[in-house]
Amino acid sequence: MELIATCAFGLEKLVYDELKKLGLWVIKTEDGRVIFEGDDLALIRANLWLRCADRIQIKIGEFKALTFDELFDQVNALPWEKYISKNDAFPVDAVSVKSALHSEPAIQSIVKKSIVKRLQLKHTTEILSENSGIEYQIMVKSNKDQFIVTIDSSGDSLHKRGYRMKTKEAPMKETLAAALIQLSGWTPDRALIDPFCGSGTIGIEAALIAHNAAPGSRRTFAFQKWPWIDQEQIKKAYQEIRDSFKPDIKLKISGFDIDPEALEIAQKNANNAGFKNINFKHSDFNDLDFSQFENCTFICNPPYGERLEDLAHVEKMYREFGKKIAETKNCSLFLITANENFPHFFGRPANKNRKLFNGGIRCYLFSYL
Ligand SMILES: C[S@@+](CC[C@H](N)C(=O)[O-])C[C@H]1O[C@@H](n2cnc3c(N)ncnc32)[C@H](O)[C@@H]1O
């Protein structure tokens with residue numbers, strides 16, 4: 001099967017590396033997706049283990065279409081009956097970018113009709129009741145008239161790990177938190193500190209990495225209901241998860257936040273994830289003694305001034321944070337913000353600046369090594 005791991009722009013290389021680590025054959029990397037080859041086990045493993053990807057999709061076809069007739073015919077030529085039985089549901093979702101066929105509802109409707117026609121013929125029935133309880137979410141994406149048609153195997157987006165029941169304002173997606181940690185090069189023998197921890201996402205993702213815990217082990221996936229997926233391979237993949245987990249890790253992860261309610265939520269989320277040993281404490285970063293921090297990695301997502309605080313307040317906060325960080329010894333800092341001028345307020349140019357997206361907002365990951 002040809003499979004696609006979709007991801008946020010800027011995270012493609014991390015997803016590529018994760019797929020390679022799983023021993024999978026990567027065909028190519030494009031904006032927002034990595035295409036790879038694999039069997040049932042590859043699909044299951046990718047869903048369970050990828051920390052930075054949003055979804056795993058089965059690629060059913062790729063073609064160019066400029067008219068609805070062409071779209072109908074191209075979709076009709078694809079082997080839908082291989083996956084979808086006569087009573088299975090198959091909702092269609094469409095996204096169109098810079099294409100002659102730009103009406104997404106019209107694309108949805110034509111694709112649906114075309115698949116219905118094919119399934120009626122192949123399953124020799126007029127009636128497709130869609131009431132078997134099994135669902136195949138079809139996703140159609142067109143970019144400059146080039147269409148990719150897939151079936152989604154993940155269900156909920158992969159950032160939904162199953163541990164975060166509650167969040168405070170402006171939480172970061174788990175996939176982005178995992179990406180920041182991987183980009184920082186942090187290893188569990190080093191202390192990790194998030195002085196603006198909010199709901200605790202960065203600390204919890206770091207704990208998952210430290211324990212070699214599969215991020216998807218606490219949730220369900222669309223593919224689990226599909227009858228043609230080899231059940232033995234599912235069992236095998238879950239056994240691998242149990243075997244890979246490293247229980248005896250001494251975590252050196254701390255999170256601080258000025259908001260006591262955020263801390264409560266962070267602690268609950270960490271408990272849900274099975275990590276009671278992350279050190280979450282209520283504190284304004286200004287009240288922390290930063291000279292105690294030596295050989296640590298700071299990874300954080302302070303307020304941007306767009307959603308939480310007003311800009312002047314945030315810029316003052318960045319200045320104060322710059323002074324505090326200057327008190328640390330041999331520490332590195334990885335900070336994501338939408339404020340392009342962060343280094344100016346922080347008081348030092350960054351060693352590296354990388355563009356990333358946080359919930360659709362263009363952000364900058366400033367690295368101080
Ligand atoms: C963008 S949110 C962090 C979200 C977090 N990464 C998550 O995934 O939930 C910024 C956090 O900084 C906290 N904060 C604001 N001012 C602070 C201060 N002076 N000291 C510590 N935390 C502060 C806010 O309470 C908020 O939870």
# chains A, B, ... in the order shown; residues from 1 in each chain; ligands from 1
call {"tool": "residues_near_ligand", "arguments": {"ligand": "ligand 1", "cutoff": "7 Å", "atoms": "only C-alpha atoms and all ligand atoms", "output": "PyMOL selection string"}}
result
chain A and resi 167-173+195-202+256-259+262+283-286+300-304+317
call {"tool": "closest_atom_pairs", "arguments": {"of": "stretch 114-199 of chain A", "to": "stretch 269-278 of chain A", "cutoff": "10 Å", "atoms": "only C-alpha atoms", "output": "JSON lines"}}
result
{"residue": "A:Arg161", "atom": "CA", "partner": "A:Ala273", "partner_atom": "CA", "distance": 8.8}
{"residue": "A:Gly162", "atom": "CA", "partner": "A:Ala273", "partner_atom": "CA", "distance": 7.9}
{"residue": "A:Tyr163", "atom": "CA", "partner": "A:Asn272", "partner_atom": "CA", "distance": 5.0}
{"residue": "A:Arg164", "atom": "CA", "partner": "A:Asn269", "partner_atom": "CA", "distance": 5.1}
{"residue": "A:Met165", "atom": "CA", "partner": "A:Asn269", "partner_atom": "CA", "distance": 6.7}
{"residue": "A:Lys166", "atom": "CA", "partner": "A:Asn269", "partner_atom": "CA", "distance": 7.4}
{"residue": "A:Thr167", "atom": "CA", "partner": "A:Asn269", "partner_atom": "CA", "distance": 8.7}
{"residue": "A:Ser199", "atom": "CA", "partner": "A:Asn269", "partner_atom": "CA", "distance": 7.4}
call {"tool": "write_last_selection", "arguments": {"atoms": "C-alpha atoms", "output": "PDB file, in the first residue's frame"}}
result
ATOM      1  CA  ARG A 161      -3.226  11.158  22.404  1.00  0.00           C
ATOM      2  CA  GLY A 162      -6.000  10.533  24.920  1.00  0.00           C
ATOM      3  CA  TYR A 163      -4.341  12.022  28.020  1.00  0.00           C
ATOM      4  CA  ARG A 164      -5.388  15.665  27.662  1.00  0.00           C
ATOM      5  CA  MET A 165      -8.943  15.913  28.988  1.00  0.00           C
ATOM      6  CA  LYS A 166      -8.785  19.594  29.822  1.00  0.00           C
ATOM      7  CA  THR A 167      -6.704  22.522  28.631  1.00  0.00           C
ATOM      8  CA  SER A 199      -1.662  22.367  30.437  1.00  0.00           C
TER       9      SER A 199
END
call {"tool": "closest_residue", "arguments": {"among": "A:His344, A:Lys64, A:Arg55, A:Lys252", "to": "A:Phe223", "atoms": "only C-alpha atoms"}}
result
A:Arg55
call {"tool": "select_by_dssp", "arguments": {"residues": "stretch 17-221 of chain A", "states": "strand (DSSP E)", "output": "PyMOL selection string"}}
result
chain A and resi 25-30+33-37+55-64+92-97+137-143+146-152+191-194
call {"tool": "write_last_selection", "arguments": {"atoms": "C-alpha atoms", "output": "mmCIF file, in the first residue's frame"}}
result
data_model
loop_
_atom_site.group_PDB
_atom_site.id
_atom_site.type_symbol
_atom_site.label_atom_id
_atom_site.label_comp_id
_atom_site.auth_asym_id
_atom_site.auth_seq_id
_atom_site.Cartn_x
_atom_site.Cartn_y
_atom_site.Cartn_z
ATOM 1 C CA TRP A 25 10.341 2.795 3.185
ATOM 2 C CA VAL A 26 9.832 6.488 2.452
ATOM 3 C CA ILE A 27 8.960 7.281 -1.163
ATOM 4 C CA LYS A 28 8.966 11.076 -1.051
ATOM 5 C CA THR A 29 8.411 14.158 1.077
ATOM 6 C CA GLU A 30 6.122 16.978 -0.042
ATOM 7 C CA ARG A 33 3.016 15.155 3.934
ATOM 8 C CA VAL A 34 5.421 12.247 3.741
ATOM 9 C CA ILE A 35 4.560 9.363 1.414
ATOM 10 C CA PHE A 36 5.728 5.884 2.353
ATOM 11 C CA GLU A 37 5.190 2.266 1.409
ATOM 12 C CA ARG A 55 -2.961 11.455 10.171
ATOM 13 C CA ILE A 56 -2.089 8.269 8.335
ATOM 14 C CA GLN A 57 -3.979 7.900 5.071
ATOM 15 C CA ILE A 58 -4.120 5.167 2.454
ATOM 16 C CA LYS A 59 -3.478 6.663 -0.959
ATOM 17 C CA ILE A 60 -6.114 5.329 -3.357
ATOM 18 C CA GLY A 61 -5.250 7.475 -6.355
ATOM 19 C CA GLU A 62 -3.618 10.594 -7.745
ATOM 20 C CA PHE A 63 -4.617 12.302 -10.990
ATOM 21 C CA LYS A 64 -5.209 15.584 -12.767
ATOM 22 C CA VAL A 92 -16.310 12.329 1.687
ATOM 23 C CA ASP A 93 -14.376 15.430 2.677
ATOM 24 C CA ALA A 94 -12.779 17.762 0.117
ATOM 25 C CA VAL A 95 -10.206 20.538 0.111
ATOM 26 C CA SER A 96 -9.380 22.484 -3.039
ATOM 27 C CA VAL A 97 -6.480 24.904 -3.441
ATOM 28 C CA GLN A 137 -13.509 8.556 5.700
ATOM 29 C CA ILE A 138 -12.565 9.545 2.156
ATOM 30 C CA MET A 139 -10.391 12.640 1.818
ATOM 31 C CA VAL A 140 -9.982 14.442 -1.502
ATOM 32 C CA LYS A 141 -7.338 17.134 -1.848
ATOM 33 C CA SER A 142 -6.631 19.126 -4.954
ATOM 34 C CA ASN A 143 -3.747 21.494 -5.422
ATOM 35 C CA GLN A 146 -3.706 17.664 -9.096
ATOM 36 C CA PHE A 147 -5.980 15.459 -6.963
ATOM 37 C CA ILE A 148 -4.981 13.007 -4.247
ATOM 38 C CA VAL A 149 -7.714 10.690 -3.003
ATOM 39 C CA THR A 150 -7.194 8.854 0.274
ATOM 40 C CA ILE A 151 -8.922 6.885 3.025
ATOM 41 C CA ASP A 152 -8.087 8.111 6.513
ATOM 42 C CA ALA A 191 16.845 18.340 32.904
ATOM 43 C CA LEU A 192 14.001 19.828 30.840
ATOM 44 C CA ILE A 193 12.213 22.940 32.072
ATOM 45 C CA ASP A 194 9.079 24.638 30.744
#
call {"tool": "closest_residue", "arguments": {"among": "A:His123, A:Arg51, A:Lys250, A:Lys352", "to": "A:Leu176", "atoms": "only C-alpha atoms"}}
result
A:Arg51
call {"tool": "atom_distance", "arguments": {"atom1": "atom CA of A:Asp145", "atom2": "atom CA of A:Ser99"}}
result
4.6 Å
call {"tool": "closest_residue", "arguments": {"among": "A:Glu174, A:Asn341, A:Tyr318, A:Ala210", "to": "A:Asp189", "atoms": "only C-alpha atoms"}}
result
A:Ala210
call {"tool": "closest_residue", "arguments": {"among": "A:Lys117, A:Leu43, A:Cys331, A:Glu104", "to": "A:Leu78", "atoms": "only C-alpha atoms"}}
result
A:Lys117
call {"tool": "residues_around", "arguments": {"residues": "A:Leu50", "least_positions_apart": "3", "cutoff": "9 Å", "atoms": "only C-alpha atoms", "output": "list of chain:residue names"}}
result
A:Ala5, A:Val15, A:Glu18, A:Leu19, A:Leu22, A:Arg45, A:Ala46, A:Asn47, A:Ala53, A:Asp54, A:Leu158, A:Thr175, A:Ala214, A:Pro215, A:Gly216
call {"tool": "write_last_selection", "arguments": {"atoms": "N, CA, C and O atoms", "output": "PDB file, in the first residue's frame"}}
result
ATOM      1  N   ALA A   5       1.655  10.125   5.546  1.00  0.00           N
ATOM      2  CA  ALA A   5       1.611  10.718   6.887  1.00  0.00           C
ATOM      3  C   ALA A   5       1.487  12.223   6.677  1.00  0.00           C
ATOM      4  O   ALA A   5       2.396  12.845   6.112  1.00  0.00           O
ATOM      5  N   VAL A  15       8.926  13.933  10.586  1.00  0.00           N
ATOM      6  CA  VAL A  15       8.075  12.771  10.288  1.00  0.00           C
ATOM      7  C   VAL A  15       8.869  11.767   9.453  1.00  0.00           C
ATOM      8  O   VAL A  15       8.814  10.554   9.697  1.00  0.00           O
ATOM      9  N   GLU A  18      11.105   9.912  11.717  1.00  0.00           N
ATOM     10  CA  GLU A  18      10.357   8.968  12.551  1.00  0.00           C
ATOM     11  C   GLU A  18       9.990   7.710  11.755  1.00  0.00           C
ATOM     12  O   GLU A  18      10.056   6.602  12.268  1.00  0.00           O
ATOM     13  N   LEU A  19       9.606   7.902  10.488  1.00  0.00           N
ATOM     14  CA  LEU A  19       9.247   6.752   9.637  1.00  0.00           C
ATOM     15  C   LEU A  19      10.472   5.871   9.407  1.00  0.00           C
ATOM     16  O   LEU A  19      10.384   4.640   9.449  1.00  0.00           O
ATOM     17  N   LEU A  22      11.185   3.733  12.258  1.00  0.00           N
ATOM     18  CA  LEU A  22      10.281   2.574  12.321  1.00  0.00           C
ATOM     19  C   LEU A  22      10.652   1.527  11.267  1.00  0.00           C
ATOM     20  O   LEU A  22       9.987   0.503  11.150  1.00  0.00           O
ATOM     21  N   ARG A  45       1.666   0.592  12.909  1.00  0.00           N
ATOM     22  CA  ARG A  45       2.820   1.162  13.632  1.00  0.00           C
ATOM     23  C   ARG A  45       2.892   2.671  13.453  1.00  0.00           C
ATOM     24  O   ARG A  45       3.172   3.401  14.406  1.00  0.00           O
ATOM     25  N   ALA A  46       2.651   3.151  12.239  1.00  0.00           N
ATOM     26  CA  ALA A  46       2.738   4.599  11.992  1.00  0.00           C
ATOM     27  C   ALA A  46       1.703   5.333  12.842  1.00  0.00           C
ATOM     28  O   ALA A  46       2.002   6.366  13.455  1.00  0.00           O
ATOM     29  N   ASN A  47       0.488   4.797  12.917  1.00  0.00           N
ATOM     30  CA  ASN A  47      -0.545   5.428  13.753  1.00  0.00           C
ATOM     31  C   ASN A  47      -0.144   5.438  15.226  1.00  0.00           C
ATOM     32  O   ASN A  47      -0.370   6.423  15.931  1.00  0.00           O
ATOM     33  N   ALA A  53       3.156  13.513  13.336  1.00  0.00           N
ATOM     34  CA  ALA A  53       2.226  13.475  12.193  1.00  0.00           C
ATOM     35  C   ALA A  53       0.792  13.690  12.656  1.00  0.00           C
ATOM     36  O   ALA A  53       0.457  13.420  13.814  1.00  0.00           O
ATOM     37  N   ASP A  54      -0.067  14.180  11.737  1.00  0.00           N
ATOM     38  CA  ASP A  54      -1.484  14.423  12.065  1.00  0.00           C
ATOM     39  C   ASP A  54      -2.372  13.221  11.740  1.00  0.00           C
ATOM     40  O   ASP A  54      -3.310  12.926  12.465  1.00  0.00           O
ATOM     41  N   LEU A 158      -3.982  12.613  15.061  1.00  0.00           N
ATOM     42  CA  LEU A 158      -3.027  11.925  15.942  1.00  0.00           C
ATOM     43  C   LEU A 158      -2.536  12.787  17.105  1.00  0.00           C
ATOM     44  O   LEU A 158      -1.946  12.263  18.049  1.00  0.00           O
ATOM     45  N   THR A 175       1.471  17.235  18.907  1.00  0.00           N
ATOM     46  CA  THR A 175       2.418  16.937  17.815  1.00  0.00           C
ATOM     47  C   THR A 175       3.494  18.033  17.716  1.00  0.00           C
ATOM     48  O   THR A 175       4.656  17.741  17.476  1.00  0.00           O
ATOM     49  N   ALA A 214       4.719   4.697  23.215  1.00  0.00           N
ATOM     50  CA  ALA A 214       4.064   5.033  21.942  1.00  0.00           C
ATOM     51  C   ALA A 214       3.002   6.097  22.218  1.00  0.00           C
ATOM     52  O   ALA A 214       2.140   5.899  23.078  1.00  0.00           O
ATOM     53  N   PRO A 215       3.021   7.216  21.487  1.00  0.00           N
ATOM     54  CA  PRO A 215       2.063   8.297  21.782  1.00  0.00           C
ATOM     55  C   PRO A 215       0.612   7.887  21.561  1.00  0.00           C
ATOM     56  O   PRO A 215      -0.293   8.467  22.145  1.00  0.00           O
ATOM     57  N   GLY A 216       0.390   6.866  20.716  1.00  0.00           N
ATOM     58  CA  GLY A 216      -0.988   6.470  20.402  1.00  0.00           C
ATOM     59  C   GLY A 216      -1.499   5.298  21.223  1.00  0.00           C
ATOM     60  O   GLY A 216      -2.573   4.772  20.937  1.00  0.00           O
TER      61      GLY A 216
END
call {"tool": "closest_residue", "arguments": {"among": "A:Ser153, A:Tyr364, A:Gln120, A:Lys20", "to": "A:Ile229", "atoms": "only C-alpha atoms"}}
result
A:Ser153
call {"tool": "residues_around", "arguments": {"residues": "A:Lys113", "least_positions_apart": "6", "cutoff": "12 Å", "atoms": "only C-alpha atoms", "output": "list in words"}}
result
Phe68, Asp69, Leu71, Phe72, Asp73, Val75, Asn76, Phe90, Pro91, Val92, Ala106, Ile107, Leu119, Gln120 and Leu128 of chain A
call {"tool": "atom_distance", "arguments": {"atom1": "atom CA of A:Leu335", "atom2": "atom CA of A:Ala178"}}
result
13.5 Å
